[in-house]
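Asks: This is the content of final-v4.txt (compact mmCIF, N, CA and C atoms):
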# COMPACT_ATOMS: atom_id res chain seq x y z
N MET D 7 8.43 -10.92 16.22
CA MET D 7 7.60 -10.89 15.03
C MET D 7 7.65 -12.24 14.30
N ALA D 8 8.77 -12.97 14.38
CA ALA D 8 8.91 -14.24 13.69
C ALA D 8 7.86 -15.22 14.19
N GLY D 9 7.22 -15.93 13.25
CA GLY D 9 6.21 -16.90 13.58
C GLY D 9 4.83 -16.31 13.84
N GLU D 10 4.74 -15.01 13.94
CA GLU D 10 3.48 -14.33 14.24
C GLU D 10 2.70 -14.11 12.94
N LYS D 11 1.37 -14.32 12.98
CA LYS D 11 0.54 -14.05 11.80
C LYS D 11 0.26 -12.56 11.72
N LYS D 12 0.47 -12.00 10.54
CA LYS D 12 0.27 -10.58 10.30
C LYS D 12 -0.48 -10.39 8.99
N LYS D 13 -1.03 -9.20 8.83
CA LYS D 13 -1.68 -8.85 7.57
C LYS D 13 -0.68 -8.04 6.76
N GLY D 14 -0.51 -8.42 5.50
CA GLY D 14 0.43 -7.73 4.64
C GLY D 14 -0.25 -7.19 3.40
N LEU D 15 0.16 -5.99 3.01
CA LEU D 15 -0.35 -5.35 1.80
C LEU D 15 0.69 -5.54 0.70
N ILE D 16 0.26 -6.11 -0.40
CA ILE D 16 1.16 -6.36 -1.53
C ILE D 16 1.23 -5.09 -2.37
N VAL D 17 2.45 -4.57 -2.54
CA VAL D 17 2.67 -3.33 -3.27
C VAL D 17 3.87 -3.54 -4.19
N ARG D 18 3.75 -3.13 -5.43
CA ARG D 18 4.89 -3.28 -6.34
C ARG D 18 5.88 -2.14 -6.16
N GLU D 19 7.09 -2.39 -6.60
CA GLU D 19 8.13 -1.36 -6.54
C GLU D 19 7.95 -0.39 -7.71
N PRO D 20 8.35 0.85 -7.56
CA PRO D 20 9.10 1.44 -6.45
C PRO D 20 8.22 1.92 -5.30
N PHE D 21 6.90 1.69 -5.43
CA PHE D 21 5.96 2.24 -4.45
C PHE D 21 6.12 1.65 -3.05
N ALA D 22 6.41 0.35 -2.98
CA ALA D 22 6.59 -0.29 -1.67
C ALA D 22 7.71 0.39 -0.88
N SER D 23 8.83 0.62 -1.53
CA SER D 23 9.96 1.27 -0.86
C SER D 23 9.62 2.70 -0.45
N LEU D 24 8.90 3.41 -1.30
CA LEU D 24 8.50 4.78 -0.96
C LEU D 24 7.60 4.81 0.27
N ILE D 25 6.74 3.80 0.42
CA ILE D 25 5.86 3.74 1.60
C ILE D 25 6.68 3.54 2.87
N VAL D 26 7.56 2.55 2.88
CA VAL D 26 8.31 2.24 4.11
C VAL D 26 9.34 3.32 4.43
N GLU D 27 9.70 4.12 3.44
CA GLU D 27 10.62 5.24 3.68
C GLU D 27 9.85 6.51 4.10
N GLY D 28 8.52 6.43 4.14
CA GLY D 28 7.69 7.57 4.56
C GLY D 28 7.52 8.62 3.48
N LYS D 29 7.87 8.31 2.23
CA LYS D 29 7.78 9.27 1.13
C LYS D 29 6.46 9.18 0.37
N LYS D 30 5.74 8.10 0.57
CA LYS D 30 4.42 7.88 -0.08
C LYS D 30 3.45 7.57 1.05
N VAL D 31 2.51 8.47 1.29
CA VAL D 31 1.60 8.32 2.42
C VAL D 31 0.17 8.01 2.00
N TRP D 32 -0.08 7.98 0.69
CA TRP D 32 -1.36 7.54 0.16
C TRP D 32 -1.10 6.39 -0.81
N GLU D 33 -1.72 5.25 -0.58
CA GLU D 33 -1.68 4.14 -1.52
C GLU D 33 -3.01 4.15 -2.26
N ILE D 34 -2.96 4.26 -3.57
CA ILE D 34 -4.17 4.40 -4.38
C ILE D 34 -4.69 3.01 -4.77
N ARG D 35 -5.96 2.79 -4.47
CA ARG D 35 -6.61 1.52 -4.79
C ARG D 35 -7.99 1.78 -5.36
N LYS D 36 -8.60 0.74 -5.96
CA LYS D 36 -9.92 0.86 -6.58
C LYS D 36 -11.05 0.52 -5.61
N SER D 37 -10.71 0.23 -4.38
CA SER D 37 -11.75 -0.12 -3.40
C SER D 37 -11.37 0.42 -2.03
N ARG D 38 -12.34 0.42 -1.16
CA ARG D 38 -12.11 0.78 0.24
C ARG D 38 -11.57 -0.45 0.95
N THR D 39 -11.11 -0.28 2.18
CA THR D 39 -10.79 -1.39 3.05
C THR D 39 -11.20 -1.04 4.47
N LYS D 40 -11.61 -2.03 5.22
CA LYS D 40 -11.96 -1.81 6.62
C LYS D 40 -10.74 -2.02 7.52
N THR D 41 -9.67 -2.53 6.96
CA THR D 41 -8.46 -2.79 7.74
C THR D 41 -7.88 -1.48 8.26
N ARG D 42 -7.48 -1.50 9.52
CA ARG D 42 -6.80 -0.36 10.13
C ARG D 42 -5.70 -0.92 11.04
N GLY D 43 -4.72 -0.10 11.30
CA GLY D 43 -3.64 -0.50 12.20
C GLY D 43 -2.37 -0.86 11.46
N GLU D 44 -1.45 -1.49 12.18
CA GLU D 44 -0.15 -1.82 11.62
C GLU D 44 -0.25 -2.97 10.61
N ILE D 45 0.36 -2.77 9.46
CA ILE D 45 0.39 -3.77 8.40
C ILE D 45 1.82 -3.91 7.90
N LEU D 46 2.12 -5.08 7.35
CA LEU D 46 3.40 -5.28 6.69
C LEU D 46 3.28 -4.81 5.25
N ILE D 47 4.36 -4.27 4.71
CA ILE D 47 4.40 -3.91 3.30
C ILE D 47 5.20 -5.01 2.60
N LEU D 48 4.52 -5.69 1.67
CA LEU D 48 5.11 -6.84 0.97
C LEU D 48 5.46 -6.46 -0.46
N SER D 49 6.65 -6.88 -0.87
CA SER D 49 7.08 -6.66 -2.24
C SER D 49 8.02 -7.78 -2.63
N ASN D 50 7.80 -8.33 -3.81
CA ASN D 50 8.64 -9.42 -4.31
C ASN D 50 8.72 -10.58 -3.33
N GLY D 51 7.59 -10.89 -2.68
CA GLY D 51 7.51 -12.04 -1.79
C GLY D 51 8.17 -11.88 -0.43
N LYS D 52 8.54 -10.66 -0.07
CA LYS D 52 9.18 -10.41 1.22
C LYS D 52 8.52 -9.23 1.91
N ALA D 53 8.62 -9.20 3.24
CA ALA D 53 8.16 -8.04 4.00
C ALA D 53 9.34 -7.07 4.06
N ILE D 54 9.18 -5.90 3.44
CA ILE D 54 10.30 -4.95 3.40
C ILE D 54 10.19 -3.89 4.49
N GLY D 55 9.02 -3.84 5.13
CA GLY D 55 8.82 -2.86 6.19
C GLY D 55 7.38 -2.91 6.68
N LYS D 56 7.01 -1.89 7.41
CA LYS D 56 5.65 -1.82 7.93
C LYS D 56 5.18 -0.38 7.92
N ALA D 57 3.87 -0.22 8.10
CA ALA D 57 3.25 1.10 8.17
C ALA D 57 1.93 0.94 8.91
N GLU D 58 1.35 2.05 9.25
CA GLU D 58 0.05 2.06 9.91
C GLU D 58 -0.99 2.59 8.92
N LEU D 59 -2.03 1.79 8.68
CA LEU D 59 -3.13 2.21 7.82
C LEU D 59 -4.18 2.88 8.71
N VAL D 60 -4.37 4.19 8.51
CA VAL D 60 -5.20 4.95 9.45
C VAL D 60 -6.58 5.32 8.94
N GLU D 61 -6.75 5.48 7.62
CA GLU D 61 -8.08 5.81 7.08
C GLU D 61 -8.09 5.64 5.58
N VAL D 62 -9.28 5.70 5.01
CA VAL D 62 -9.47 5.63 3.56
C VAL D 62 -10.24 6.87 3.14
N LEU D 63 -9.72 7.57 2.14
CA LEU D 63 -10.37 8.78 1.61
C LEU D 63 -10.90 8.48 0.21
N GLY D 64 -11.97 9.18 -0.16
CA GLY D 64 -12.49 9.03 -1.51
C GLY D 64 -13.95 8.67 -1.48
N PRO D 65 -14.52 8.45 -2.64
CA PRO D 65 -13.86 8.22 -3.92
C PRO D 65 -13.36 9.49 -4.60
N PHE D 66 -12.35 9.29 -5.46
CA PHE D 66 -11.74 10.37 -6.22
C PHE D 66 -11.72 10.01 -7.70
N THR D 67 -11.66 11.04 -8.52
CA THR D 67 -11.35 10.85 -9.94
C THR D 67 -9.83 10.98 -10.07
N PRO D 68 -9.26 10.49 -11.16
CA PRO D 68 -7.83 10.69 -11.37
C PRO D 68 -7.43 12.16 -11.33
N GLU D 69 -8.29 13.02 -11.86
CA GLU D 69 -7.99 14.46 -11.89
C GLU D 69 -7.93 15.04 -10.47
N GLU D 70 -8.83 14.60 -9.61
CA GLU D 70 -8.81 15.06 -8.22
C GLU D 70 -7.55 14.57 -7.50
N LEU D 71 -7.19 13.33 -7.75
CA LEU D 71 -5.98 12.78 -7.10
C LEU D 71 -4.71 13.43 -7.63
N ALA D 72 -4.73 13.89 -8.85
CA ALA D 72 -3.54 14.51 -9.44
C ALA D 72 -3.09 15.72 -8.63
N GLU D 73 -4.02 16.36 -7.94
CA GLU D 73 -3.68 17.52 -7.11
C GLU D 73 -2.88 17.14 -5.86
N HIS D 74 -2.78 15.84 -5.57
CA HIS D 74 -2.10 15.35 -4.37
C HIS D 74 -0.93 14.42 -4.71
N GLU D 75 -0.29 14.67 -5.84
CA GLU D 75 0.79 13.79 -6.30
C GLU D 75 1.91 13.67 -5.25
N ASP D 76 2.11 14.72 -4.45
CA ASP D 76 3.15 14.67 -3.42
C ASP D 76 2.86 13.60 -2.37
N LYS D 77 1.60 13.18 -2.23
CA LYS D 77 1.23 12.16 -1.25
C LYS D 77 1.28 10.75 -1.82
N HIS D 78 0.88 10.57 -3.11
CA HIS D 78 0.79 9.22 -3.68
C HIS D 78 1.89 8.90 -4.69
N ARG D 79 2.56 9.92 -5.21
CA ARG D 79 3.74 9.74 -6.07
C ARG D 79 3.49 9.05 -7.41
N VAL D 80 2.29 9.21 -7.96
CA VAL D 80 2.03 8.65 -9.29
C VAL D 80 1.49 9.74 -10.21
N SER D 81 1.72 9.57 -11.50
CA SER D 81 1.33 10.57 -12.49
C SER D 81 -0.16 10.48 -12.81
N ILE D 82 -0.69 11.54 -13.39
CA ILE D 82 -2.08 11.56 -13.83
C ILE D 82 -2.32 10.47 -14.88
N GLU D 83 -1.34 10.21 -15.73
CA GLU D 83 -1.47 9.18 -16.75
C GLU D 83 -1.63 7.80 -16.11
N PHE D 84 -0.81 7.54 -15.09
CA PHE D 84 -0.91 6.27 -14.37
C PHE D 84 -2.29 6.14 -13.72
N LEU D 85 -2.76 7.21 -13.07
CA LEU D 85 -4.06 7.19 -12.39
C LEU D 85 -5.19 6.91 -13.38
N ARG D 86 -5.14 7.55 -14.53
CA ARG D 86 -6.19 7.35 -15.54
C ARG D 86 -6.20 5.91 -16.03
N GLU D 87 -5.03 5.38 -16.33
CA GLU D 87 -4.95 4.00 -16.83
C GLU D 87 -5.39 3.01 -15.74
N TYR D 88 -4.90 3.20 -14.52
CA TYR D 88 -5.23 2.31 -13.42
C TYR D 88 -6.73 2.32 -13.11
N SER D 89 -7.35 3.50 -13.11
CA SER D 89 -8.77 3.61 -12.74
C SER D 89 -9.68 2.98 -13.78
N ASN D 90 -9.29 3.07 -15.04
CA ASN D 90 -10.11 2.52 -16.12
C ASN D 90 -11.57 2.99 -16.00
N GLY D 91 -11.72 4.27 -15.61
CA GLY D 91 -13.05 4.87 -15.49
C GLY D 91 -13.75 4.64 -14.16
N LYS D 92 -13.11 3.89 -13.26
CA LYS D 92 -13.71 3.61 -11.95
C LYS D 92 -13.19 4.59 -10.91
N PRO D 93 -13.94 4.80 -9.82
CA PRO D 93 -13.46 5.69 -8.76
C PRO D 93 -12.25 5.10 -8.05
N LEU D 94 -11.43 5.98 -7.50
CA LEU D 94 -10.22 5.58 -6.78
C LEU D 94 -10.29 6.03 -5.33
N TYR D 95 -9.56 5.32 -4.47
CA TYR D 95 -9.52 5.61 -3.04
C TYR D 95 -8.08 5.76 -2.59
N ALA D 96 -7.88 6.63 -1.63
CA ALA D 96 -6.55 6.83 -1.05
C ALA D 96 -6.51 6.16 0.32
N TRP D 97 -5.68 5.14 0.45
CA TRP D 97 -5.47 4.48 1.72
C TRP D 97 -4.37 5.25 2.43
N VAL D 98 -4.69 5.89 3.52
CA VAL D 98 -3.77 6.80 4.20
C VAL D 98 -2.87 6.01 5.15
N LEU D 99 -1.56 6.17 4.94
CA LEU D 99 -0.55 5.43 5.70
C LEU D 99 0.30 6.39 6.52
N ARG D 100 0.70 5.93 7.70
CA ARG D 100 1.59 6.72 8.57
C ARG D 100 2.67 5.83 9.13
N ASN D 101 3.70 6.47 9.63
CA ASN D 101 4.77 5.79 10.37
C ASN D 101 5.41 4.64 9.59
N GLY D 102 5.68 4.89 8.30
CA GLY D 102 6.38 3.88 7.51
C GLY D 102 7.75 3.60 8.10
N LYS D 103 8.11 2.32 8.15
CA LYS D 103 9.41 1.93 8.68
C LYS D 103 9.98 0.82 7.82
N LYS D 104 11.17 1.05 7.29
CA LYS D 104 11.84 0.06 6.46
C LYS D 104 12.65 -0.88 7.36
N PHE D 105 12.53 -2.18 7.12
CA PHE D 105 13.33 -3.14 7.86
C PHE D 105 14.78 -3.06 7.38
N LYS D 106 15.74 -3.29 8.27
CA LYS D 106 17.15 -3.27 7.88
C LYS D 106 17.42 -4.30 6.80
N LYS D 107 16.74 -5.43 6.92
CA LYS D 107 16.86 -6.50 5.94
C LYS D 107 15.45 -7.04 5.68
N PRO D 108 15.05 -7.22 4.39
CA PRO D 108 13.72 -7.76 4.11
C PRO D 108 13.54 -9.11 4.82
N LYS D 109 12.31 -9.36 5.29
CA LYS D 109 12.02 -10.59 6.02
C LYS D 109 11.30 -11.59 5.11
N ASP D 110 11.75 -12.83 5.18
CA ASP D 110 11.07 -13.90 4.44
C ASP D 110 9.71 -14.13 5.09
N VAL D 111 8.71 -14.40 4.26
CA VAL D 111 7.36 -14.65 4.77
C VAL D 111 6.75 -15.85 4.07
N GLU D 112 5.85 -16.53 4.76
CA GLU D 112 4.99 -17.53 4.14
C GLU D 112 3.69 -16.81 3.84
N MET D 113 3.30 -16.85 2.57
CA MET D 113 2.16 -16.06 2.12
C MET D 113 1.08 -16.96 1.53
N THR D 114 -0.17 -16.56 1.73
CA THR D 114 -1.28 -17.30 1.12
C THR D 114 -1.15 -17.26 -0.39
N ARG D 115 -1.40 -18.40 -1.02
CA ARG D 115 -1.31 -18.49 -2.48
C ARG D 115 -2.40 -17.66 -3.14
N GLY D 116 -2.05 -17.05 -4.25
CA GLY D 116 -3.04 -16.32 -5.04
C GLY D 116 -3.38 -14.94 -4.51
N ALA D 117 -2.74 -14.52 -3.44
CA ALA D 117 -3.03 -13.20 -2.87
C ALA D 117 -2.65 -12.12 -3.87
N GLN D 118 -3.53 -11.10 -4.00
CA GLN D 118 -3.26 -10.02 -4.94
C GLN D 118 -3.19 -8.65 -4.27
N ILE D 119 -3.96 -8.45 -3.20
CA ILE D 119 -3.94 -7.17 -2.49
C ILE D 119 -3.46 -7.40 -1.07
N TRP D 120 -4.20 -8.21 -0.32
CA TRP D 120 -3.87 -8.53 1.06
C TRP D 120 -3.40 -9.96 1.14
N ALA D 121 -2.46 -10.20 2.04
CA ALA D 121 -2.02 -11.57 2.31
C ALA D 121 -1.89 -11.76 3.80
N LYS D 122 -2.37 -12.89 4.29
CA LYS D 122 -2.09 -13.26 5.67
C LYS D 122 -0.74 -13.95 5.63
N VAL D 123 0.20 -13.42 6.38
CA VAL D 123 1.57 -13.93 6.30
C VAL D 123 2.08 -14.35 7.67
N VAL D 124 3.04 -15.24 7.64
CA VAL D 124 3.79 -15.61 8.83
C VAL D 124 5.23 -15.23 8.52
N VAL D 125 5.81 -14.41 9.38
CA VAL D 125 7.20 -13.98 9.20
C VAL D 125 8.10 -15.11 9.65
N LYS D 126 9.05 -15.50 8.78
CA LYS D 126 9.99 -16.58 9.11
C LYS D 126 11.13 -16.03 9.94
N GLU D 127 11.87 -16.92 10.56
CA GLU D 127 13.05 -16.52 11.37
C GLU D 127 14.07 -15.84 10.50
Kindly return the structure encoded in the file as structure tokens.
Replies:
Amino acid sequence: MAGEKKKGLIVREPFASLIVEGKKVWEIRKSRTKTRGEILILSNGKAIGKAELVEVLGPFTPEELAEHEDKHRVSIEFLREYSNGKPLYAWVLRNGKKFKKPKDVEMTRGAQIWAKVVVKE
């Protein structure tokens, strides 16, 4: 994996850890994505694990998503604030795997959602 270019999804904690531990299988976003397949989960400038992005569901309202809290692990209050009146989408993730040790990565500057990364040795 070292030196290989990969696509990484930037996720803040504690959600990044929940994804790679397989406890969060829906990542809630304000847009769809065409990306599918294995992605790195990036948090605090490091790759902490990986998962497979298999599909995108939605659009949903915060109230509709609240019925699936066991999948996305966020409160209705968080969903309402995050959506700011816009529709939300569930990015469906499978096979989360946490790395034994977070991997250093070189990341594109200014990346906010997706980053093309190179995993360092």
Asks: Return the padded bounding box of segment 67-85 of chain D as AutoDock Vina command-line options: axis-aligned, built from all atoms listed in the file, 5 Å added on each side, with centre and edge lengths in Å to one decimal.
Replies:
--center_x -4.0 --center_y 11.8 --center_z -9.0 --size_x 25.4 --size_y 21.4 --size_z 25.5
Asks: Considering only C-alpha atoms, return as a ChimeraX atom specification whatever protein or nucleic-acid residues lie within 12 Å of segment 95-102 of chain D, sequence-local ones (same chain, fewer than 5 positions apart) excluded.
Replies: /D:15,22-47,54-68,70-72,74-75,77-79,85,88-89
Asks: How many Å lie between atom CA of Glu112 of chain D and atom CA of Lys13 of chain D, rounded to one decimal?
Replies: 11.5 Å
Asks: Can you work out which one of D:Ile119, D:Val124, D:Val17, D:Leu94 has the shortest atom-to-atom distance to Leu48 of chain D, counting all atoms listed in the file?
Replies: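 Ranking D:Ile119, D:Val124, D:Val17, D:Leu94 by distance to Leu48 of chain D, first place goes to D:Val17.
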Asks: What does the distance from atom C of Lys11 of chain D to atom CA of Asn50 of chain D come to in Å, to one decimal?
Replies: 18.4 Å
Asks: Taking only C-alpha atoms into account, name the residue in D:Lys92, D:Ala53, D:Gln118, D:Val80 that is nearest to Lys104 of chain D.
Replies: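 Of D:Lys92, D:Ala53, D:Gln118, D:Val80, the one nearest Lys104 of chain D is D:Ala53, counting only C-alpha atoms.
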Asks: Which residue is closest to Val123 of chain D? Choose from D:Phe84, D:Asp76, D:Pro20, D:Gly51 and count only C-alpha atoms.
Replies: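 Selected residue with least distance to Val123 of chain D: D:Gly51.
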Asks: In Å, rounded to a single decimal, give me how far atom CA of Ser49 of chain D is from atom CA of Lys122 of chain D.
Replies: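 Value for the atom CA of Lys122 of chain D-atom CA of Ser49 of chain D distance: 13.8 Å.
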Asks: If you run DSSP on the backbone, which residues of segment 22-82 of chain D are alpha helix (DSSP H), as a list in words?
Replies: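 Selection result, alpha helix (DSSP H) within segment 22-82 of chain D: Ala22, Ser23, Leu24, Ile25, Val26, Pro68, Glu69, Glu70, Leu71, Ala72, Glu75, Asp76, Lys77, His78 and Ile82 of chain D.
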Asks: I need the residue nearest Val125 of chain D from this list: D:Ser81, D:Lys103, D:Gly91, D:Lys12. Use only N, CA and C atoms for the distance.
Replies: D:Lys12
Asks: Could you pull out the strand (DSSP E) residues of chain D, going by DSSP on the backbone, and write them as number ranges by chain?
Replies: D: 11-16, 32-35, 43-49, 52-66, 94-113, 120-125
Asks: Name the closest residue to Asp110 of chain D among the candidates D:Arg18, D:Glu87, D:Glu69, D:Lys126; distances are taken between atoms, counting all atoms listed in the file.
Replies: D:Lys126
